[in-house]
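Asker: Sharing target11.cif below, mmCIF, N, CA and C atoms:
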data_run
loop_
_atom_site.label_atom_id
_atom_site.label_comp_id
_atom_site.auth_asym_id
_atom_site.auth_seq_id
_atom_site.Cartn_x
_atom_site.Cartn_y
_atom_site.Cartn_z
N MET A 1 90.90 284.47 101.50
CA MET A 1 90.24 283.52 102.36
C MET A 1 88.77 283.41 101.95
N ALA A 2 88.27 282.17 101.84
CA ALA A 2 86.89 281.95 101.42
C ALA A 2 85.93 282.35 102.53
N LYS A 3 84.80 282.90 102.12
CA LYS A 3 83.77 283.30 103.07
C LYS A 3 83.09 282.04 103.61
N PRO A 4 82.87 281.96 104.92
CA PRO A 4 82.21 280.77 105.47
C PRO A 4 80.76 280.68 105.01
N ASN A 5 80.20 279.48 105.11
CA ASN A 5 78.78 279.31 104.78
C ASN A 5 77.93 280.08 105.77
N PRO A 6 76.85 280.70 105.29
CA PRO A 6 75.99 281.45 106.20
C PRO A 6 75.28 280.51 107.17
N PRO A 7 75.11 280.95 108.42
CA PRO A 7 74.29 280.16 109.35
C PRO A 7 72.85 280.10 108.83
N ARG A 8 72.12 279.06 109.16
CA ARG A 8 70.75 278.92 108.69
C ARG A 8 69.83 279.82 109.52
N PRO A 9 69.20 280.83 108.89
CA PRO A 9 68.32 281.74 109.63
C PRO A 9 66.96 281.11 109.91
N THR A 10 66.35 281.55 111.00
CA THR A 10 64.97 281.16 111.31
C THR A 10 64.03 281.94 110.39
N ASP A 11 62.74 281.62 110.44
CA ASP A 11 61.76 282.35 109.63
C ASP A 11 61.73 283.83 110.00
N ALA A 12 61.76 284.13 111.29
CA ALA A 12 61.75 285.53 111.73
C ALA A 12 63.02 286.25 111.27
N GLU A 13 64.15 285.57 111.33
CA GLU A 13 65.41 286.17 110.87
C GLU A 13 65.38 286.41 109.37
N LEU A 14 64.76 285.50 108.63
CA LEU A 14 64.64 285.68 107.17
C LEU A 14 63.80 286.91 106.84
N GLU A 15 62.76 287.17 107.62
CA GLU A 15 61.95 288.38 107.41
C GLU A 15 62.82 289.63 107.53
N ILE A 16 63.65 289.66 108.54
CA ILE A 16 64.55 290.81 108.76
C ILE A 16 65.56 290.89 107.63
N LEU A 17 66.12 289.75 107.24
CA LEU A 17 67.10 289.76 106.14
C LEU A 17 66.46 290.28 104.86
N ARG A 18 65.21 289.87 104.56
CA ARG A 18 64.55 290.35 103.35
C ARG A 18 64.43 291.87 103.34
N VAL A 19 64.09 292.44 104.50
CA VAL A 19 64.01 293.90 104.61
C VAL A 19 65.37 294.52 104.30
N LEU A 20 66.42 293.98 104.90
CA LEU A 20 67.77 294.55 104.72
C LEU A 20 68.29 294.35 103.31
N TRP A 21 68.00 293.22 102.68
CA TRP A 21 68.43 293.01 101.29
C TRP A 21 67.73 294.00 100.37
N GLN A 22 66.46 294.26 100.63
CA GLN A 22 65.70 295.18 99.78
C GLN A 22 66.07 296.63 100.07
N ARG A 23 66.19 296.98 101.32
CA ARG A 23 66.37 298.37 101.73
C ARG A 23 67.82 298.80 101.83
N GLY A 24 68.71 297.86 102.15
CA GLY A 24 70.10 298.21 102.40
C GLY A 24 70.32 298.43 103.88
N PRO A 25 71.52 298.85 104.27
CA PRO A 25 71.84 299.05 105.69
C PRO A 25 70.78 299.92 106.37
N SER A 26 70.33 299.46 107.56
CA SER A 26 69.21 300.13 108.24
C SER A 26 69.36 300.03 109.75
N THR A 27 68.68 300.93 110.43
CA THR A 27 68.62 300.89 111.89
C THR A 27 67.51 299.91 112.30
N VAL A 28 67.50 299.55 113.57
CA VAL A 28 66.45 298.68 114.09
C VAL A 28 65.09 299.35 113.91
N ARG A 29 65.01 300.64 114.18
CA ARG A 29 63.74 301.36 114.04
C ARG A 29 63.21 301.27 112.60
N GLU A 30 64.08 301.45 111.63
CA GLU A 30 63.66 301.38 110.22
C GLU A 30 63.15 299.98 109.87
N VAL A 31 63.85 298.96 110.32
CA VAL A 31 63.42 297.57 110.07
C VAL A 31 62.09 297.31 110.77
N HIS A 32 61.99 297.76 112.01
CA HIS A 32 60.76 297.58 112.78
C HIS A 32 59.57 298.22 112.07
N GLU A 33 59.72 299.42 111.56
CA GLU A 33 58.63 300.12 110.87
C GLU A 33 58.15 299.34 109.65
N ILE A 34 59.07 298.77 108.90
CA ILE A 34 58.71 298.01 107.70
C ILE A 34 58.00 296.71 108.09
N LEU A 35 58.55 296.00 109.07
CA LEU A 35 57.93 294.75 109.51
C LEU A 35 56.53 295.00 110.09
N ASN A 36 56.34 296.13 110.73
CA ASN A 36 55.06 296.47 111.35
C ASN A 36 53.95 296.68 110.33
N ARG A 37 54.30 296.97 109.10
CA ARG A 37 53.29 297.18 108.05
C ARG A 37 52.50 295.90 107.79
N ASN A 38 53.17 294.74 107.90
CA ASN A 38 52.52 293.46 107.60
C ASN A 38 51.93 292.80 108.83
N ARG A 39 52.61 292.96 109.97
CA ARG A 39 52.19 292.29 111.20
C ARG A 39 52.77 293.06 112.37
N PRO A 40 51.95 293.33 113.38
CA PRO A 40 52.47 294.08 114.53
C PRO A 40 53.65 293.36 115.20
N ASN A 41 54.69 294.11 115.46
CA ASN A 41 55.89 293.61 116.13
C ASN A 41 56.26 294.59 117.23
N VAL A 42 56.81 294.06 118.29
CA VAL A 42 57.29 294.90 119.38
C VAL A 42 58.72 295.31 119.03
N TYR A 43 59.03 296.59 119.18
CA TYR A 43 60.36 297.11 118.85
C TYR A 43 61.46 296.31 119.53
N THR A 44 61.30 296.03 120.82
CA THR A 44 62.36 295.34 121.56
C THR A 44 62.57 293.91 121.06
N THR A 45 61.53 293.29 120.52
CA THR A 45 61.67 291.95 119.94
C THR A 45 62.54 292.02 118.68
N VAL A 46 62.27 293.00 117.84
CA VAL A 46 63.08 293.18 116.62
C VAL A 46 64.53 293.50 117.01
N LEU A 47 64.71 294.36 117.99
CA LEU A 47 66.06 294.70 118.47
C LEU A 47 66.79 293.45 118.94
N LYS A 48 66.14 292.65 119.77
CA LYS A 48 66.77 291.45 120.32
C LYS A 48 67.11 290.46 119.20
N LEU A 49 66.20 290.29 118.26
CA LEU A 49 66.46 289.38 117.13
C LEU A 49 67.67 289.85 116.33
N MET A 50 67.75 291.14 116.07
CA MET A 50 68.86 291.66 115.28
C MET A 50 70.19 291.54 116.05
N GLN A 51 70.13 291.69 117.37
CA GLN A 51 71.34 291.48 118.18
C GLN A 51 71.78 290.02 118.12
N ILE A 52 70.82 289.11 118.20
CA ILE A 52 71.13 287.67 118.11
C ILE A 52 71.70 287.36 116.73
N MET A 53 71.11 287.93 115.69
CA MET A 53 71.59 287.71 114.32
C MET A 53 73.02 288.21 114.15
N GLN A 54 73.33 289.33 114.78
CA GLN A 54 74.69 289.86 114.73
C GLN A 54 75.65 288.91 115.43
N HIS A 55 75.23 288.38 116.56
CA HIS A 55 76.05 287.43 117.31
C HIS A 55 76.26 286.13 116.52
N LYS A 56 75.23 285.68 115.79
CA LYS A 56 75.31 284.46 114.98
C LYS A 56 76.14 284.66 113.71
N GLY A 57 76.39 285.92 113.36
CA GLY A 57 77.14 286.19 112.14
C GLY A 57 76.27 286.47 110.93
N LEU A 58 74.96 286.56 111.12
CA LEU A 58 74.07 286.86 110.00
C LEU A 58 74.07 288.34 109.65
N LEU A 59 74.33 289.19 110.64
CA LEU A 59 74.35 290.65 110.43
C LEU A 59 75.67 291.23 110.92
N ARG A 60 76.02 292.37 110.30
CA ARG A 60 77.14 293.19 110.80
C ARG A 60 76.53 294.49 111.31
N ARG A 61 77.15 295.04 112.34
CA ARG A 61 76.61 296.26 112.96
C ARG A 61 77.66 297.36 112.93
N ASP A 62 77.26 298.52 112.42
CA ASP A 62 78.11 299.70 112.43
C ASP A 62 77.73 300.52 113.65
N GLU A 63 78.64 300.66 114.59
CA GLU A 63 78.37 301.35 115.84
C GLU A 63 78.93 302.77 115.86
N SER A 64 79.30 303.30 114.70
CA SER A 64 79.94 304.62 114.65
C SER A 64 78.95 305.76 114.90
N GLU A 65 77.68 305.53 114.68
CA GLU A 65 76.65 306.54 114.92
C GLU A 65 75.86 306.17 116.18
N ARG A 66 75.08 307.12 116.66
CA ARG A 66 74.26 306.86 117.85
C ARG A 66 73.30 305.70 117.60
N ALA A 67 72.60 305.74 116.48
CA ALA A 67 71.72 304.64 116.09
C ALA A 67 72.54 303.64 115.29
N HIS A 68 72.70 302.45 115.81
CA HIS A 68 73.50 301.44 115.12
C HIS A 68 72.83 301.04 113.82
N VAL A 69 73.66 300.84 112.80
CA VAL A 69 73.16 300.46 111.48
C VAL A 69 73.58 299.01 111.22
N TYR A 70 72.60 298.20 110.82
CA TYR A 70 72.83 296.78 110.55
C TYR A 70 72.78 296.51 109.06
N GLN A 71 73.57 295.54 108.65
CA GLN A 71 73.51 295.06 107.27
C GLN A 71 73.81 293.57 107.25
N PRO A 72 73.29 292.86 106.24
CA PRO A 72 73.52 291.41 106.17
C PRO A 72 75.01 291.10 105.98
N SER A 73 75.44 290.03 106.60
CA SER A 73 76.82 289.57 106.42
C SER A 73 76.97 288.78 105.12
N PHE A 74 75.84 288.26 104.63
CA PHE A 74 75.85 287.44 103.42
C PHE A 74 74.80 287.98 102.45
N SER A 75 75.07 287.83 101.17
CA SER A 75 74.11 288.27 100.15
C SER A 75 72.89 287.35 100.16
N GLN A 76 71.84 287.82 99.52
CA GLN A 76 70.63 287.02 99.40
C GLN A 76 70.94 285.71 98.67
N GLU A 77 71.76 285.78 97.64
CA GLU A 77 72.11 284.59 96.86
C GLU A 77 72.88 283.58 97.69
N GLU A 78 73.84 284.06 98.49
CA GLU A 78 74.62 283.16 99.35
C GLU A 78 73.72 282.47 100.37
N THR A 79 72.82 283.21 100.95
CA THR A 79 71.90 282.65 101.95
C THR A 79 70.96 281.64 101.31
N GLN A 80 70.40 281.99 100.16
CA GLN A 80 69.49 281.08 99.46
C GLN A 80 70.23 279.80 99.05
N ARG A 81 71.44 279.94 98.57
CA ARG A 81 72.23 278.77 98.17
C ARG A 81 72.44 277.83 99.37
N GLY A 82 72.74 278.40 100.52
CA GLY A 82 72.92 277.59 101.72
C GLY A 82 71.64 276.90 102.15
N LEU A 83 70.52 277.63 102.09
CA LEU A 83 69.24 277.05 102.47
C LEU A 83 68.82 275.94 101.52
N VAL A 84 69.00 276.16 100.23
CA VAL A 84 68.63 275.14 99.25
C VAL A 84 69.53 273.92 99.39
N GLY A 85 70.82 274.14 99.59
CA GLY A 85 71.74 273.01 99.78
C GLY A 85 71.35 272.18 100.99
N ASP A 86 70.98 272.86 102.07
CA ASP A 86 70.56 272.16 103.28
C ASP A 86 69.26 271.39 103.03
N LEU A 87 68.32 272.01 102.32
CA LEU A 87 67.06 271.36 102.00
C LEU A 87 67.29 270.12 101.13
N ILE A 88 68.14 270.25 100.13
CA ILE A 88 68.44 269.10 99.26
C ILE A 88 69.00 267.95 100.09
N ASP A 89 69.92 268.25 100.98
CA ASP A 89 70.53 267.20 101.80
C ASP A 89 69.52 266.59 102.77
N ARG A 90 68.77 267.42 103.49
CA ARG A 90 67.90 266.92 104.54
C ARG A 90 66.62 266.29 104.01
N ALA A 91 65.96 266.92 103.04
CA ALA A 91 64.64 266.46 102.61
C ALA A 91 64.67 265.57 101.36
N PHE A 92 65.73 265.69 100.56
CA PHE A 92 65.75 264.97 99.29
C PHE A 92 66.95 264.04 99.16
N GLY A 93 67.59 263.74 100.27
CA GLY A 93 68.70 262.78 100.27
C GLY A 93 69.83 263.17 99.34
N GLY A 94 70.01 264.47 99.12
CA GLY A 94 71.09 264.94 98.26
C GLY A 94 70.75 264.98 96.78
N SER A 95 69.51 264.64 96.43
CA SER A 95 69.11 264.57 95.02
C SER A 95 68.53 265.90 94.53
N THR A 96 69.27 266.57 93.67
CA THR A 96 68.79 267.80 93.05
C THR A 96 67.59 267.50 92.14
N THR A 97 67.62 266.36 91.48
CA THR A 97 66.53 265.97 90.59
C THR A 97 65.22 265.90 91.36
N HIS A 98 65.24 265.24 92.53
CA HIS A 98 64.02 265.12 93.32
C HIS A 98 63.51 266.50 93.77
N LEU A 99 64.42 267.39 94.13
CA LEU A 99 64.02 268.74 94.52
C LEU A 99 63.32 269.45 93.37
N VAL A 100 63.92 269.42 92.20
CA VAL A 100 63.36 270.13 91.04
C VAL A 100 62.02 269.53 90.65
N MET A 101 61.93 268.20 90.62
CA MET A 101 60.68 267.55 90.25
C MET A 101 59.57 267.90 91.25
N ARG A 102 59.89 267.88 92.55
CA ARG A 102 58.90 268.21 93.57
C ARG A 102 58.48 269.68 93.45
N ALA A 103 59.45 270.56 93.22
CA ALA A 103 59.13 271.99 93.08
C ALA A 103 58.19 272.22 91.91
N LEU A 104 58.48 271.59 90.78
CA LEU A 104 57.66 271.80 89.59
C LEU A 104 56.29 271.14 89.72
N SER A 105 56.17 270.09 90.51
CA SER A 105 54.87 269.45 90.68
C SER A 105 54.04 270.13 91.78
N THR A 106 54.67 270.94 92.60
CA THR A 106 53.97 271.60 93.70
C THR A 106 53.36 272.93 93.28
N LYS A 107 54.11 273.69 92.49
CA LYS A 107 53.63 275.01 92.07
C LYS A 107 53.91 275.17 90.58
N ARG A 108 52.88 275.46 89.83
CA ARG A 108 53.00 275.58 88.37
C ARG A 108 53.90 276.76 88.01
N ALA A 109 54.87 276.48 87.16
CA ALA A 109 55.78 277.52 86.68
C ALA A 109 55.17 278.21 85.46
N SER A 110 55.39 279.51 85.36
CA SER A 110 54.90 280.26 84.19
C SER A 110 55.77 279.92 82.99
N ALA A 111 55.30 280.30 81.81
CA ALA A 111 56.06 280.07 80.59
C ALA A 111 57.41 280.79 80.66
N GLU A 112 57.41 281.99 81.23
CA GLU A 112 58.65 282.76 81.38
C GLU A 112 59.63 282.05 82.32
N GLU A 113 59.09 281.52 83.43
CA GLU A 113 59.95 280.81 84.37
C GLU A 113 60.52 279.54 83.75
N LEU A 114 59.70 278.82 82.99
CA LEU A 114 60.18 277.61 82.32
C LEU A 114 61.28 277.94 81.31
N ALA A 115 61.12 279.05 80.60
CA ALA A 115 62.16 279.48 79.66
C ALA A 115 63.46 279.79 80.39
N GLN A 116 63.37 280.44 81.55
CA GLN A 116 64.57 280.73 82.34
C GLN A 116 65.21 279.44 82.84
N ILE A 117 64.40 278.47 83.25
CA ILE A 117 64.92 277.19 83.71
C ILE A 117 65.65 276.47 82.57
N ARG A 118 65.05 276.48 81.37
CA ARG A 118 65.70 275.85 80.21
C ARG A 118 67.04 276.53 79.90
N GLU A 119 67.05 277.85 79.98
CA GLU A 119 68.27 278.61 79.73
C GLU A 119 69.36 278.24 80.74
N LEU A 120 68.98 278.13 82.00
CA LEU A 120 69.93 277.74 83.04
C LEU A 120 70.45 276.33 82.82
N LEU A 121 69.54 275.41 82.45
CA LEU A 121 69.96 274.03 82.19
C LEU A 121 70.91 273.96 81.00
N ASP A 122 70.63 274.71 79.95
CA ASP A 122 71.52 274.75 78.78
C ASP A 122 72.89 275.28 79.16
N ALA A 123 72.92 276.36 79.94
CA ALA A 123 74.20 276.93 80.37
C ALA A 123 74.95 275.95 81.26
N TYR A 124 74.24 275.27 82.13
CA TYR A 124 74.86 274.30 83.03
C TYR A 124 75.42 273.12 82.24
N GLN A 125 74.65 272.66 81.24
CA GLN A 125 75.08 271.53 80.43
C GLN A 125 76.32 271.89 79.59
N ASP A 126 76.43 273.14 79.19
CA ASP A 126 77.57 273.60 78.41
C ASP A 126 78.81 273.83 79.28
N GLY A 127 78.69 273.55 80.57
CA GLY A 127 79.84 273.65 81.46
C GLY A 127 79.93 274.92 82.25
N GLY A 128 78.99 275.79 82.12
CA GLY A 128 79.03 277.05 82.89
C GLY A 128 77.89 277.14 83.85
N GLU A 129 77.98 278.15 84.70
CA GLU A 129 76.87 278.45 85.62
C GLU A 129 76.55 279.91 85.45
N ARG A 130 75.30 280.25 85.66
CA ARG A 130 74.90 281.66 85.59
C ARG A 130 74.83 282.25 86.94
#
Can you present the structure in this file as structure tokens?

Answerer:
Amino acid sequence: MAKPNPPRPTDAELEILRVLWQRGPSTVREVHEILNRNRPNVYTTVLKLMQIMQHKGLLRRDESERAHVYQPSFSQEETQRGLVGDLIDRAFGGSTTHLVMRALSTKRASAEELAQIRELLDAYQDGGER
């Protein structure tokens, strides 16, 4: 059975997902401590957000231990693919070309990034995806 498309996370939910993608399965306290390094957060706010994310299907919760452990339901790549697809549809009328042109005109790509883009385009043109 195919995995469903990930729900679109809010900005605050994306912050939590980034922590979990980088750190791996974690408790609310562990996520809260990491988020607190950049900006003060109230523990109960992080807890409530993670509970909502679990209800939305963005997170899975292991309740076998006293401190529940959360992990993303979708990989970073799956989530990014869904967000980009939604952005292409909503902001660029479904045009991948317009998205790429706007991205490249908004923020200058390094020589290394341009080489990676060329490599991806070559692979795509040859009928494959990376």

Asker: Run the PyMOL selection byres ((chain A and resi 75-91) around 8) against the file shown and list the residues it catches, as a ChimeraX atom specification.

Answerer: /A:5-9,17-18,21,72-74,92-96,98-99

Asker: When DSSP is applied to the backbone of this structure, which of chain A are assigned strand (DSSP E or B)? Write them out as a list in words.

Answerer: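 So, restricting chain A to strand (DSSP E or B), we get Ser26, Thr27, Leu59, Arg60, Arg61, Asp62, Val69, Tyr70, Gln71 and Pro72 of chain A.
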
Asker: Grab the atom CA of A:Leu47 to atom CA of A:Arg66 distance for me, in Å with one decimal place.

Answerer: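 Computing the Euclidean distance for atom CA of A:Leu47 and atom CA of A:Arg66 yields 14.7 Å.
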
Asker: Run DSSP on the backbone and give me the residues of stretch 59-104 of chain A it puts in helix (DSSP H, G or I), as a list in words.

Answerer: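 Matching residues for helix (DSSP H, G or I) in stretch 59-104 of chain A are Gln76, Glu77, Glu78, Thr79, Gln80, Arg81, Gly82, Leu83, Val84, Gly85, Asp86, Leu87, Ile88, Asp89, Arg90, Ala91, Phe92, Thr96, Thr97, His98, Leu99, Val100, Met101, Arg102, Ala103 and Leu104 of chain A.
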
Asker: Between A:Met101, A:His32, A:Ser110, A:Leu20, which is the closest to A:Tyr70 once you count only N, CA and C atoms?

Answerer: A:Leu20

Asker: In Å to one decimal, how far is atom C of A:Glu119 from atom N of A:Leu14?

Answerer: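 Pair atom N of A:Leu14 / atom C of A:Glu119 returns 29.2 Å.
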
Asker: Taking (75.8, 295.5, 115.8) in the file's own coordinates, collect the residues within 5 Å, counting all atoms listed in the file, and hand them back as a PyMOL selection string.

Answerer: chain A and resi 60-62

Asker: In Å to one decimal, how far is atom N of A:Thr27 from atom CA of A:Lys56?

Answerer: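 One can read the atom CA of A:Lys56 to atom N of A:Thr27 distance as 18.3 Å.
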